[in-house]
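Below is the file query-v2.pdb, which contains PDB, C-alpha atoms.
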```pdb
ATOM      1  CA  MET A 620       0.672 -11.267   6.433
ATOM      2  CA  LYS A 621      -1.425 -10.857   3.291
ATOM      3  CA  LYS A 622      -3.173 -13.975   2.028
ATOM      4  CA  VAL A 623      -5.630 -14.746  -0.741
ATOM      5  CA  SER A 624      -7.948 -17.748  -0.625
ATOM      6  CA  ILE A 625      -8.475 -19.554  -3.923
ATOM      7  CA  GLY A 626     -10.744 -22.420  -2.840
ATOM      8  CA  SER A 627     -10.001 -25.951  -3.979
ATOM      9  CA  LEU A 628      -7.240 -26.749  -6.466
ATOM     10  CA  THR A 629      -7.019 -29.884  -8.584
ATOM     11  CA  LEU A 630      -3.429 -30.920  -9.263
ATOM     12  CA  ASP A 631      -1.734 -32.604 -12.200
ATOM     13  CA  SER A 632      -1.826 -35.756 -10.077
ATOM     14  CA  ALA A 633      -5.657 -35.507 -10.105
ATOM     15  CA  LYS A 634      -5.636 -34.989  -6.345
ATOM     16  CA  THR A 635      -7.423 -31.970  -4.915
ATOM     17  CA  ILE A 636      -6.291 -29.641  -2.140
ATOM     18  CA  GLU A 637      -9.140 -27.914  -0.327
ATOM     19  CA  HIS A 638      -9.179 -24.328   0.971
ATOM     20  CA  VAL A 639      -5.918 -23.268  -0.646
ATOM     21  CA  GLU A 640      -4.342 -19.992   0.441
ATOM     22  CA  LEU A 641      -1.382 -18.130  -1.015
ATOM     23  CA  ALA A 642       0.558 -15.558   0.991
ATOM     24  CA  TYR A 643       1.785 -12.578  -0.998
ATOM     25  CA  GLU A 644       3.545  -9.222  -1.061
ATOM     26  CA  ARG A 645       2.146  -6.397  -3.177
ATOM     27  CA  LEU A 646       3.755  -3.024  -3.821
ATOM     28  CA  GLY A 647       3.098  -0.057  -6.075
ATOM     29  CA  ASP A 648      -0.047   1.587  -7.406
ATOM     30  CA  LYS A 649      -2.827  -0.989  -7.695
ATOM     31  CA  GLY A 650      -3.843   0.557 -10.991
ATOM     32  CA  ALA A 651      -0.383   0.148 -12.516
ATOM     33  CA  PRO A 652       0.695  -2.670 -14.861
ATOM     34  CA  VAL A 653       1.511  -5.858 -12.946
ATOM     35  CA  ILE A 654       4.895  -7.527 -12.687
ATOM     36  CA  LEU A 655       4.739 -10.961 -11.065
ATOM     37  CA  VAL A 656       7.969 -11.967  -9.323
ATOM     38  CA  CYS A 657       8.630 -15.668  -8.641
ATOM     39  CA  HIS A 658      10.987 -16.716  -5.831
ATOM     40  CA  ALA A 659      13.520 -19.538  -5.797
ATOM     41  CA  LEU A 660      13.597 -22.781  -3.808
ATOM     42  CA  THR A 661      13.980 -21.446  -0.264
ATOM     43  CA  GLY A 662      12.736 -17.931  -0.944
ATOM     44  CA  ASP A 663       9.466 -16.380   0.121
ATOM     45  CA  GLN A 664       6.984 -13.695  -0.840
ATOM     46  CA  TYR A 665       9.090 -10.905   0.647
ATOM     47  CA  ALA A 666      11.022  -9.925  -2.454
ATOM     48  CA  VAL A 667      11.217  -6.337  -1.210
ATOM     49  CA  GLY A 668      10.504  -6.692   2.492
ATOM     50  CA  THR A 669      10.903  -3.695   4.783
ATOM     51  CA  GLU A 670      13.640  -1.239   5.631
ATOM     52  CA  GLN A 671      14.317  -3.215   8.809
ATOM     53  CA  ASN A 672      14.175  -6.586   7.031
ATOM     54  CA  PRO A 673      15.010  -6.136   3.350
ATOM     55  CA  GLY A 674      13.762  -8.866   1.039
ATOM     56  CA  TRP A 675      15.813 -11.120  -1.166
ATOM     57  CA  TRP A 676      15.434  -8.806  -4.214
ATOM     58  CA  ALA A 677      15.254  -5.440  -2.443
ATOM     59  CA  GLY A 678      18.087  -4.205  -4.656
ATOM     60  CA  MET A 679      16.066  -4.939  -7.796
ATOM     61  CA  ILE A 680      12.596  -3.684  -6.931
ATOM     62  CA  GLY A 681      11.589  -0.189  -5.869
ATOM     63  CA  PRO A 682      11.379   3.421  -7.034
ATOM     64  CA  GLY A 683      13.994   4.023  -9.700
ATOM     65  CA  LYS A 684      15.238   0.427  -9.595
ATOM     66  CA  PRO A 685      15.182  -2.050 -12.510
ATOM     67  CA  VAL A 686      11.697  -3.215 -11.492
ATOM     68  CA  ASP A 687      10.396   0.287 -10.887
ATOM     69  CA  THR A 688       7.470   0.543  -8.482
ATOM     70  CA  THR A 689       6.691   4.084  -9.683
ATOM     71  CA  ILE A 690       5.775   2.475 -13.020
ATOM     72  CA  PHE A 691       4.638  -1.029 -12.099
ATOM     73  CA  GLN A 692       2.911  -2.764  -9.244
ATOM     74  CA  VAL A 693       4.810  -5.845  -8.111
ATOM     75  CA  ILE A 694       3.296  -9.025  -6.675
ATOM     76  CA  THR A 695       5.199 -11.979  -5.242
ATOM     77  CA  PHE A 696       3.517 -15.132  -3.922
ATOM     78  CA  ASN A 697       4.926 -17.641  -1.502
ATOM     79  CA  VAL A 698       4.829 -20.742  -3.641
ATOM     80  CA  LEU A 699       2.173 -23.431  -3.197
ATOM     81  CA  GLY A 700       3.823 -26.122  -1.068
ATOM     82  CA  GLY A 701       5.982 -23.540   0.679
ATOM     83  CA  CYS A 702       6.168 -22.769   4.381
ATOM     84  CA  HIS A 703       5.852 -19.001   4.664
ATOM     85  CA  GLY A 704       2.102 -18.611   4.762
ATOM     86  CA  SER A 705       0.903 -20.456   1.659
ATOM     87  CA  THR A 706      -0.786 -23.833   1.813
ATOM     88  CA  GLY A 707       1.857 -26.511   2.250
ATOM     89  CA  PRO A 708       2.849 -29.479   4.417
ATOM     90  CA  ILE A 709       2.745 -27.491   7.673
ATOM     91  CA  SER A 710      -0.794 -26.258   6.920
ATOM     92  CA  ILE A 711      -3.820 -27.764   8.608
ATOM     93  CA  ASN A 712      -5.606 -30.292   6.440
ATOM     94  CA  PRO A 713      -9.260 -29.156   6.640
ATOM     95  CA  ILE A 714     -10.428 -32.756   6.322
ATOM     96  CA  THR A 715      -8.415 -34.166   9.258
ATOM     97  CA  GLY A 716      -7.892 -31.047  11.363
ATOM     98  CA  THR A 717      -4.176 -31.844  11.663
ATOM     99  CA  PRO A 718      -1.125 -30.715   9.640
ATOM    100  CA  TYR A 719      -0.633 -32.412   6.280
ATOM    101  CA  ASN A 720       3.008 -33.271   7.000
ATOM    102  CA  ALA A 721       3.974 -36.216   4.765
ATOM    103  CA  GLU A 722       0.404 -36.507   3.443
ATOM    104  CA  PHE A 723       0.707 -33.324   1.430
ATOM    105  CA  PRO A 724       0.373 -34.291  -2.245
ATOM    106  CA  THR A 725       3.254 -34.076  -4.687
ATOM    107  CA  LEU A 726       3.281 -31.008  -6.904
ATOM    108  CA  THR A 727       4.492 -29.942 -10.315
ATOM    109  CA  ILE A 728       5.682 -26.516 -11.398
ATOM    110  CA  ARG A 729       2.425 -26.263 -13.353
ATOM    111  CA  ASP A 730       0.412 -26.764 -10.166
ATOM    112  CA  MET A 731       2.171 -23.791  -8.600
ATOM    113  CA  VAL A 732       1.517 -21.576 -11.598
ATOM    114  CA  ARG A 733      -2.119 -22.664 -11.793
ATOM    115  CA  ALA A 734      -2.615 -21.679  -8.141
ATOM    116  CA  GLU A 735      -1.083 -18.253  -8.722
ATOM    117  CA  TYR A 736      -3.206 -17.664 -11.810
ATOM    118  CA  VAL A 737      -6.350 -18.227  -9.760
ATOM    119  CA  ALA A 738      -4.948 -16.036  -6.974
ATOM    120  CA  LEU A 739      -4.292 -13.151  -9.351
ATOM    121  CA  LYS A 740      -7.833 -13.456 -10.660
ATOM    122  CA  LYS A 741      -9.114 -13.331  -7.076
ATOM    123  CA  LEU A 742      -7.101 -10.141  -6.580
ATOM    124  CA  GLY A 743      -8.919  -8.617  -9.539
ATOM    125  CA  ILE A 744      -6.003  -8.803 -11.974
ATOM    126  CA  GLU A 745      -6.917  -9.624 -15.574
ATOM    127  CA  LYS A 746      -3.527  -9.120 -17.204
ATOM    128  CA  VAL A 747       0.148  -9.293 -16.235
ATOM    129  CA  ALA A 748       2.716  -7.184 -18.063
ATOM    130  CA  GLY A 749       5.588  -9.475 -17.163
ATOM    131  CA  VAL A 750       6.575 -12.495 -15.100
ATOM    132  CA  ILE A 751      10.134 -12.685 -13.812
ATOM    133  CA  GLY A 752      12.009 -15.159 -11.637
ATOM    134  CA  GLY A 753      15.152 -17.211 -11.266
ATOM    135  CA  SER A 754      15.891 -20.868 -10.526
ATOM    136  CA  LEU A 755      12.645 -22.537  -9.390
ATOM    137  CA  GLY A 756      11.103 -19.114  -9.993
ATOM    138  CA  GLY A 757      12.511 -19.268 -13.511
ATOM    139  CA  MET A 758      10.826 -22.620 -14.049
ATOM    140  CA  LYS A 759       7.533 -21.059 -13.020
ATOM    141  CA  THR A 760       8.203 -18.075 -15.281
ATOM    142  CA  LEU A 761       8.637 -20.384 -18.272
ATOM    143  CA  GLU A 762       5.448 -22.250 -17.422
ATOM    144  CA  TRP A 763       3.557 -18.963 -17.171
ATOM    145  CA  GLY A 764       4.503 -18.281 -20.778
ATOM    146  CA  ARG A 765       3.426 -21.726 -21.893
ATOM    147  CA  MET A 766       0.216 -22.050 -19.863
ATOM    148  CA  TYR A 767      -1.239 -18.541 -19.984
ATOM    149  CA  PRO A 768       0.032 -16.632 -23.040
ATOM    150  CA  GLU A 769      -3.229 -14.695 -23.219
ATOM    151  CA  PHE A 770      -2.723 -13.461 -19.649
ATOM    152  CA  VAL A 771       0.973 -12.511 -19.819
ATOM    153  CA  ASP A 772       2.604  -9.955 -22.141
ATOM    154  CA  ALA A 773       6.172 -11.274 -21.716
ATOM    155  CA  ILE A 774       8.286 -13.530 -19.516
ATOM    156  CA  LEU A 775      11.763 -12.929 -18.102
ATOM    157  CA  PRO A 776      13.268 -16.246 -16.969
ATOM    158  CA  LEU A 777      16.616 -15.990 -15.183
ATOM    159  CA  ALA A 778      19.189 -18.650 -14.306
ATOM    160  CA  VAL A 779      17.022 -21.447 -15.639
ATOM    161  CA  THR A 780      16.856 -23.980 -18.457
ATOM    162  CA  PRO A 781      13.893 -25.443 -20.377
ATOM    163  CA  TYR A 782      14.304 -28.670 -18.429
ATOM    164  CA  TYR A 783      16.120 -29.457 -15.219
ATOM    165  CA  SER A 784      19.573 -30.839 -15.926
ATOM    166  CA  ASP A 785      20.671 -34.314 -14.897
ATOM    167  CA  TYR A 786      23.309 -32.626 -12.763
ATOM    168  CA  GLY A 787      20.578 -30.730 -10.937
ATOM    169  CA  VAL A 788      18.440 -33.835 -10.507
ATOM    170  CA  ALA A 789      21.502 -35.645  -9.127
ATOM    171  CA  PHE A 790      22.062 -33.086  -6.385
ATOM    172  CA  ASN A 791      18.348 -32.996  -5.606
ATOM    173  CA  HIS A 792      18.504 -36.767  -5.229
ATOM    174  CA  ILE A 793      21.330 -36.462  -2.702
ATOM    175  CA  GLY A 794      19.244 -34.008  -0.692
ATOM    176  CA  ILE A 795      16.088 -36.114  -0.871
ATOM    177  CA  VAL A 796      17.874 -39.297   0.220
ATOM    178  CA  ALA A 797      19.685 -37.481   3.040
ATOM    179  CA  ILE A 798      16.408 -36.174   4.469
ATOM    180  CA  GLU A 799      14.192 -39.202   3.954
ATOM    181  CA  ASN A 800      16.728 -41.611   5.455
ATOM    182  CA  ASP A 801      17.305 -39.580   8.607
ATOM    183  CA  LYS A 802      15.557 -41.287  11.521
ATOM    184  CA  GLU A 803      14.474 -37.880  12.854
ATOM    185  CA  TYR A 804      12.517 -37.348   9.635
ATOM    186  CA  ASN A 805      10.207 -40.151  10.802
ATOM    187  CA  GLY A 806       8.518 -40.642   7.459
ATOM    188  CA  GLY A 807       7.694 -36.947   7.314
ATOM    189  CA  ASN A 808       5.939 -36.860  10.667
ATOM    190  CA  TYR A 809       8.645 -35.085  12.672
ATOM    191  CA  LYS A 810       8.137 -32.499  15.382
ATOM    192  CA  ASP A 811      11.144 -30.275  14.699
ATOM    193  CA  ALA A 812      12.841 -29.927  11.301
ATOM    194  CA  SER A 813      15.940 -28.452  12.944
ATOM    195  CA  LEU A 814      16.738 -31.870  14.431
ATOM    196  CA  ILE A 815      16.967 -33.530  11.004
ATOM    197  CA  LYS A 816      20.696 -33.685  10.279
ATOM    198  CA  GLY A 817      19.948 -34.999   6.803
ATOM    199  CA  PHE A 818      18.190 -31.700   6.105
ATOM    200  CA  GLU A 819      21.390 -29.873   6.956
ATOM    201  CA  VAL A 820      23.340 -32.175   4.635
ATOM    202  CA  ALA A 821      20.827 -31.555   1.853
ATOM    203  CA  ARG A 822      21.336 -27.814   2.191
ATOM    204  CA  MET A 823      25.118 -28.219   2.197
ATOM    205  CA  ALA A 824      24.943 -30.198  -1.041
ATOM    206  CA  GLY A 825      22.819 -27.485  -2.578
ATOM    207  CA  MET A 826      25.125 -24.695  -1.448
ATOM    208  CA  VAL A 827      28.047 -26.310  -3.272
ATOM    209  CA  THR A 828      26.140 -25.976  -6.567
ATOM    210  CA  TYR A 829      25.015 -22.377  -6.184
ATOM    211  CA  ARG A 830      28.416 -20.761  -6.718
ATOM    212  CA  SER A 831      31.431 -21.606  -8.815
ATOM    213  CA  GLY A 832      34.432 -23.556  -7.628
ATOM    214  CA  ASN A 833      36.525 -20.485  -8.362
ATOM    215  CA  MET A 834      34.356 -18.429  -6.009
ATOM    216  CA  PHE A 835      34.745 -21.004  -3.241
ATOM    217  CA  ASN A 836      38.517 -21.131  -3.730
ATOM    218  CA  LYS A 837      38.881 -17.342  -3.735
ATOM    219  CA  ARG A 838      36.703 -16.907  -0.684
ATOM    220  CA  PHE A 839      38.152 -19.581   1.569
ATOM    221  CA  GLU A 840      41.721 -20.174   0.310
ATOM    222  CA  ARG A 841      42.058 -23.245   2.534
ATOM    223  CA  SER A 842      41.834 -21.003   5.607
ATOM    224  CA  ASP A 843      40.989 -22.703   8.876
ATOM    225  CA  LYS A 844      40.194 -22.076  12.509
ATOM    226  CA  ASP A 845      40.514 -24.430  15.463
ATOM    227  CA  GLY A 846      41.387 -27.356  13.229
ATOM    228  CA  GLU A 847      38.423 -26.940  10.863
ATOM    229  CA  PHE A 848      38.516 -25.504   7.359
ATOM    230  CA  ASN A 849      36.450 -22.347   7.076
ATOM    231  CA  VAL A 850      34.583 -23.813   4.121
ATOM    232  CA  GLN A 851      33.440 -26.611   6.425
ATOM    233  CA  SER A 852      32.263 -24.106   9.039
ATOM    234  CA  TYR A 853      30.442 -22.171   6.336
ATOM    235  CA  LEU A 854      28.552 -25.228   5.098
ATOM    236  CA  ASN A 855      27.724 -26.343   8.646
ATOM    237  CA  TYR A 856      26.333 -22.891   9.382
ATOM    238  CA  GLN A 857      24.250 -22.771   6.210
ATOM    239  CA  GLY A 858      22.839 -26.233   6.904
ATOM    240  CA  LYS A 859      21.777 -25.368  10.433
ATOM    241  CA  LYS A 860      20.407 -21.999   9.357
ATOM    242  CA  LEU A 861      18.053 -23.450   6.757
ATOM    243  CA  ALA A 862      16.929 -26.342   8.967
ATOM    244  CA  GLY A 863      15.976 -23.757  11.573
ATOM    245  CA  ARG A 864      13.867 -21.590   9.262
ATOM    246  CA  PHE A 865      12.414 -23.922   6.631
ATOM    247  CA  ASP A 866      10.228 -27.001   6.638
ATOM    248  CA  ALA A 867      11.813 -30.285   5.521
ATOM    249  CA  ASN A 868       8.635 -31.589   3.891
ATOM    250  CA  SER A 869       8.266 -28.353   1.924
ATOM    251  CA  TYR A 870      11.882 -28.691   0.822
ATOM    252  CA  LEU A 871      11.206 -32.190  -0.466
ATOM    253  CA  ILE A 872       7.977 -31.182  -2.211
ATOM    254  CA  LEU A 873       9.775 -28.375  -4.030
ATOM    255  CA  LEU A 874      12.838 -30.440  -4.956
ATOM    256  CA  LYS A 875      10.638 -33.145  -6.461
ATOM    257  CA  ALA A 876       8.593 -30.539  -8.340
ATOM    258  CA  MET A 877      11.785 -29.071  -9.802
ATOM    259  CA  ASN A 878      12.763 -32.511 -11.066
ATOM    260  CA  THR A 879       9.556 -32.644 -13.144
ATOM    261  CA  HIS A 880      10.305 -29.397 -14.985
ATOM    262  CA  ASP A 881      10.501 -29.962 -18.743
ATOM    263  CA  ILE A 882       9.232 -27.634 -21.469
ATOM    264  CA  LYS A 883      12.013 -28.364 -23.966
ATOM    265  CA  ASP A 884       9.556 -28.899 -26.847
ATOM    266  CA  ALA A 885       7.463 -25.801 -26.135
ATOM    267  CA  ILE A 886       7.263 -22.756 -28.379
ATOM    268  CA  ILE A 887       6.231 -19.817 -26.215
ATOM    269  CA  GLU A 888       3.742 -17.411 -27.784
ATOM    270  CA  VAL A 889       4.925 -14.353 -25.864
ATOM    271  CA  PRO A 890       8.324 -12.622 -25.921
ATOM    272  CA  VAL A 891      11.003 -14.318 -23.822
ATOM    273  CA  TYR A 892      13.739 -12.133 -22.314
ATOM    274  CA  SER A 893      16.276 -14.300 -20.562
ATOM    275  CA  LEU A 894      19.508 -14.107 -18.601
ATOM    276  CA  SER A 895      21.960 -16.934 -18.002
ATOM    277  CA  PHE A 896      25.045 -16.791 -15.804
ATOM    278  CA  THR A 897      28.468 -18.255 -16.440
ATOM    279  CA  HIS A 898      29.565 -21.075 -14.111
ATOM    280  CA  ASP A 899      25.929 -21.942 -13.353
ATOM    281  CA  LEU A 900      26.309 -25.637 -12.612
ATOM    282  CA  LEU A 901      22.579 -26.336 -12.374
ATOM    283  CA  TYR A 902      21.242 -24.313 -15.312
ATOM    284  CA  PRO A 903      24.040 -23.936 -17.878
ATOM    285  CA  ASN A 904      23.515 -21.544 -20.757
ATOM    286  CA  GLU A 905      24.443 -24.381 -23.126
ATOM    287  CA  LEU A 906      21.016 -25.860 -22.394
ATOM    288  CA  MET A 907      19.125 -22.561 -22.520
ATOM    289  CA  VAL A 908      20.443 -20.794 -25.618
ATOM    290  CA  PRO A 909      19.503 -23.489 -28.196
ATOM    291  CA  TRP A 910      15.960 -23.450 -26.819
ATOM    292  CA  LEU A 911      15.807 -19.660 -26.970
ATOM    293  CA  GLU A 912      16.975 -19.738 -30.575
ATOM    294  CA  LYS A 913      13.854 -21.754 -31.472
ATOM    295  CA  GLN A 914      11.449 -19.272 -29.886
ATOM    296  CA  THR A 915       9.390 -16.861 -31.968
ATOM    297  CA  THR A 916      10.521 -13.765 -30.066
ATOM    298  CA  ALA A 917      13.450 -14.000 -27.701
ATOM    299  CA  ALA A 918      16.398 -11.934 -26.504
ATOM    300  CA  TRP A 919      19.033 -12.981 -24.027
ATOM    301  CA  LYS A 920      22.357 -12.205 -22.448
ATOM    302  CA  ILE A 921      24.952 -14.378 -20.759
ATOM    303  CA  ILE A 922      26.329 -12.619 -17.693
ATOM    304  CA  GLU A 923      29.978 -13.206 -16.830
ATOM    305  CA  THR A 924      30.273 -13.935 -13.116
ATOM    306  CA  ASP A 925      32.079 -16.136 -10.634
ATOM    307  CA  PHE A 926      28.882 -16.265  -8.576
ATOM    308  CA  GLY A 927      27.459 -18.935 -10.874
ATOM    309  CA  HIS A 928      23.828 -19.774 -10.223
ATOM    310  CA  ASP A 929      23.583 -17.169  -7.453
ATOM    311  CA  GLY A 930      24.264 -14.512 -10.074
ATOM    312  CA  PHE A 931      20.562 -13.700 -10.290
ATOM    313  CA  LEU A 932      20.585 -12.651  -6.624
ATOM    314  CA  ILE A 933      23.605 -10.338  -6.760
ATOM    315  CA  GLU A 934      25.635  -7.956  -8.964
ATOM    316  CA  PHE A 935      22.506  -6.174 -10.180
ATOM    317  CA  GLU A 936      24.684  -3.518 -11.759
ATOM    318  CA  LYS A 937      25.793  -6.080 -14.357
ATOM    319  CA  TRP A 938      22.364  -7.042 -15.621
ATOM    320  CA  GLY A 939      19.659  -4.908 -14.021
ATOM    321  CA  GLY A 940      19.690  -2.593 -17.034
ATOM    322  CA  PHE A 941      18.638  -5.456 -19.315
ATOM    323  CA  ILE A 942      15.633  -6.156 -17.100
ATOM    324  CA  GLU A 943      14.749  -2.468 -16.813
ATOM    325  CA  ASP A 944      14.846  -1.938 -20.576
ATOM    326  CA  LYS A 945      12.754  -5.000 -21.358
ATOM    327  CA  LEU A 946      10.134  -4.182 -18.739
ATOM    328  CA  LYS A 947       9.780  -0.595 -19.897
ATOM    329  CA  SER A 948       9.438  -1.785 -23.489
ATOM    330  CA  LEU A 949       6.308  -3.655 -22.433
ATOM    331  CA  LEU A 950       4.580  -0.326 -21.883
ATOM    332  CA  VAL A 951       4.994   0.497 -25.588
ATOM    333  CA  PRO A 952       4.187  -2.706 -27.517
ATOM    334  CA  GLU A 953       5.614  -1.466 -30.788
ATOM    335  CA  LEU A 954       9.053  -1.213 -29.162
ATOM    336  CA  ILE A 955       9.150  -4.924 -28.337
ATOM    337  CA  GLN A 956      11.824  -6.545 -30.457
TER     338      GLN A 956
END
```

What is this structure when it is put down as structure tokens?
Amino acid sequence: MKKVSIGSLTLDSAKTIEHVELAYERLGDKGAPVILVCHALTGDQYAVGTEQNPGWWAGMIGPGKPVDTTIFQVITFNVLGGCHGSTGPISINPITGTPYNAEFPTLTIRDMVRAEYVALKKLGIEKVAGVIGGSLGGMKTLEWGRMYPEFVDAILPLAVTPYYSDYGVAFNHIGIVAIENDKEYNGGNYKDASLIKGFEVARMAGMVTYRSGNMFNKRFERSDKDGEFNVQSYLNYQGKKLAGRFDANSYLILLKAMNTHDIKDAIIEVPVYSLSFTHDLLYPNELMVPWLEKQTTAAWKIIETDFGHDGFLIEFEKWGGFIEDKLKSLLVPELIQ
């Protein structure tokens, strides 16, 4: 696992985390223009992964793909506060010698971006051609444009809005309450996240928002097995799966950070190339388009899909060409519209 140490990091809360590390994936020629990819809530740094274990965006990144690694180098960090190698609640607190657990400080989206900026500098990168990401990764992408316009040529936020919707905050609240009120959570000082049933419930609640009702109805059609609806079995499976591979404290840290996201009054100084997806319950295009219309340079498309919010993880044939064209335009500044 590749990691970069960035030293101490002072947060928006004024608290400081010592000896911060970010885990990352890096592909392509190290002399090529940089594309920074930002993962979503339960994602990780393995956007591409390996042939044996393809990453969550393996269909988007690679030779000849929309994010073309024969043209660009691509870097993805595991987010600060995550649980796949970057400093987060399961990390050892250098002051106490024990895991942070519930003592890990609250974060904002800006904190995550600030950490990655320092990490890129440590990796010897002085300029990024583009930042791209969806969902929580889209929030970070927007903040990159606001915080570091001199460092980034353009941003490509997907399946995101300039602030997190009340609907999204509501479902995050359900997940937070379900986890924190589970006795197995033990105030954040649990031994095994897979035993926290509230964590499973939180994931189930999230899964309901990621795709459209039409998609659920088409997929399951009230089918059942052994007296249980298949949609119930599906949600039970997804809940157990996440609780077995993710850390509950990290999940809470990231949910609460998402709730803080709000750049609705910002005018971004770099070009913004954005995609929204129909039936996205959490990040509706009705919230994104008016904001884009106020930006100095912006282009966008609304992708028709029954996949809703998950549209940015699938059906690349529908929208990958938009990303490819905008990224390649960054190589010839005068072509940027």

Applied to the shown file, which residues does the PyMOL selection byres ((chain A and resi 778) around 9) return, written as a ChimeraX atom specification?
/A:752-754,757,776-777,779-780,893-896,899,901-904,927-931

As a check of understanding, name the residues that the PyMOL selection byres ((chain A and resi 941) around 10) selects in the supplied structure, as JSON, numbers by chain.
{"A": [685, 892, 893, 894, 918, 919, 920, 935, 936, 937, 938, 939, 940, 942, 943, 944, 945, 946]}

Which one of A:Arg765, A:Lys622, A:Arg830, A:His898 sits closest to Ile886 (chain A) if you count all atoms listed in the file?
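For Ile886 (chain A), the nearest of the candidates is A:Arg765.
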
Go through A:Met834, A:Val850, A:Leu646, A:Leu630 and flag the residue nearest Asp925 (chain A), using only C-alpha atoms for the distances.
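Checking each candidate against Asp925 (chain A), we get A:Met834 as the closest.
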
Selection result of the PyMOL selection byres ((chain A and resi 637-640) around 12) on this file, as an NGL selection string:
:A and (620-630 or 634-636 or 641-643 or 696-708 or 710-715 or 719 or 723-724 or 730-731 or 733-735 or 737-739 or 741)

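The environment of Lys649 (chain A) within 10 Å, counting all atoms listed in the file and disregarding residues fewer than 4 places along the same chain, consists of Arg645, Val653, Phe691, Gln692, Val693, Gly743 and Ile744 of chain A.
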
Would you work out the distance separating CA of Leu854 (chain A) from CA of Lys802 (chain A), expressed in Å to one decimal?
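According to the coordinates, CA of Leu854 (chain A) and CA of Lys802 (chain A) are separated by 21.6 Å.
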
Contacts of region 863-871 of chain A within 10 Å, only C-alpha atoms, excl. fewer than 5 positions in-chain, as a PyMOL selection string:
chain A and resi 660-662+699-703+707-709+719-723+725+791-792+794-796+798-799+804+806-809+811-815+817-819+821-822+857-858+876-877

File of the preceding selection, C-alpha atoms, as a tab-separated table (two decimals), keeping the file's coordinate frame:
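Wrote part_3.tsv, looks like this:
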```
chain	number	residue	atom	x	y	z
A	660	LEU	CA	13.60	-22.78	-3.81
A	661	THR	CA	13.98	-21.45	-0.26
A	662	GLY	CA	12.74	-17.93	-0.94
A	699	LEU	CA	2.17	-23.43	-3.20
A	700	GLY	CA	3.82	-26.12	-1.07
A	701	GLY	CA	5.98	-23.54	0.68
A	702	CYS	CA	6.17	-22.77	4.38
A	703	HIS	CA	5.85	-19.00	4.66
A	707	GLY	CA	1.86	-26.51	2.25
A	708	PRO	CA	2.85	-29.48	4.42
A	709	ILE	CA	2.74	-27.49	7.67
A	719	TYR	CA	-0.63	-32.41	6.28
A	720	ASN	CA	3.01	-33.27	7.00
A	721	ALA	CA	3.97	-36.22	4.76
A	722	GLU	CA	0.40	-36.51	3.44
A	723	PHE	CA	0.71	-33.32	1.43
A	725	THR	CA	3.25	-34.08	-4.69
A	791	ASN	CA	18.35	-33.00	-5.61
A	792	HIS	CA	18.50	-36.77	-5.23
A	794	GLY	CA	19.24	-34.01	-0.69
A	795	ILE	CA	16.09	-36.11	-0.87
A	796	VAL	CA	17.87	-39.30	0.22
A	798	ILE	CA	16.41	-36.17	4.47
A	799	GLU	CA	14.19	-39.20	3.95
A	804	TYR	CA	12.52	-37.35	9.64
A	806	GLY	CA	8.52	-40.64	7.46
A	807	GLY	CA	7.69	-36.95	7.31
A	808	ASN	CA	5.94	-36.86	10.67
A	809	TYR	CA	8.64	-35.08	12.67
A	811	ASP	CA	11.14	-30.28	14.70
A	812	ALA	CA	12.84	-29.93	11.30
A	813	SER	CA	15.94	-28.45	12.94
A	814	LEU	CA	16.74	-31.87	14.43
A	815	ILE	CA	16.97	-33.53	11.00
A	817	GLY	CA	19.95	-35.00	6.80
A	818	PHE	CA	18.19	-31.70	6.10
A	819	GLU	CA	21.39	-29.87	6.96
A	821	ALA	CA	20.83	-31.56	1.85
A	822	ARG	CA	21.34	-27.81	2.19
A	857	GLN	CA	24.25	-22.77	6.21
A	858	GLY	CA	22.84	-26.23	6.90
A	876	ALA	CA	8.59	-30.54	-8.34
A	877	MET	CA	11.78	-29.07	-9.80
```

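With distances restricted to all atoms listed in the file, A:Leu726 is the closest residue to Leu874 (chain A) from A:Val827, A:Leu726, A:Ile887, A:Ile751.
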
Go through A:Lys947, A:Lys816, A:Lys860, A:His880 one by one, measure the shortest atom-to-atom distance of each to Gly749 (chain A) using all atoms listed in the file, and give the residue with the smallest value.
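Of the candidates, the smallest distance to Gly749 (chain A) is held by A:Lys947.
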
Using all atoms listed in the file, pick whichever of A:Phe770, A:Trp676, A:Val820, A:Glu670 has the shortest atom-to-atom distance to Leu932 (chain A).
A:Trp676

Interatomic distance (Å, one decimal) between CA of Tyr853 (chain A) and CA of Asn836 (chain A):
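So the two atoms, CA of Tyr853 (chain A) and CA of Asn836 (chain A), lie 12.9 Å apart.
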
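Interatomic distance, CA of Lys837 (chain A) against CA of Ala824 (chain A): 19.2 Å.
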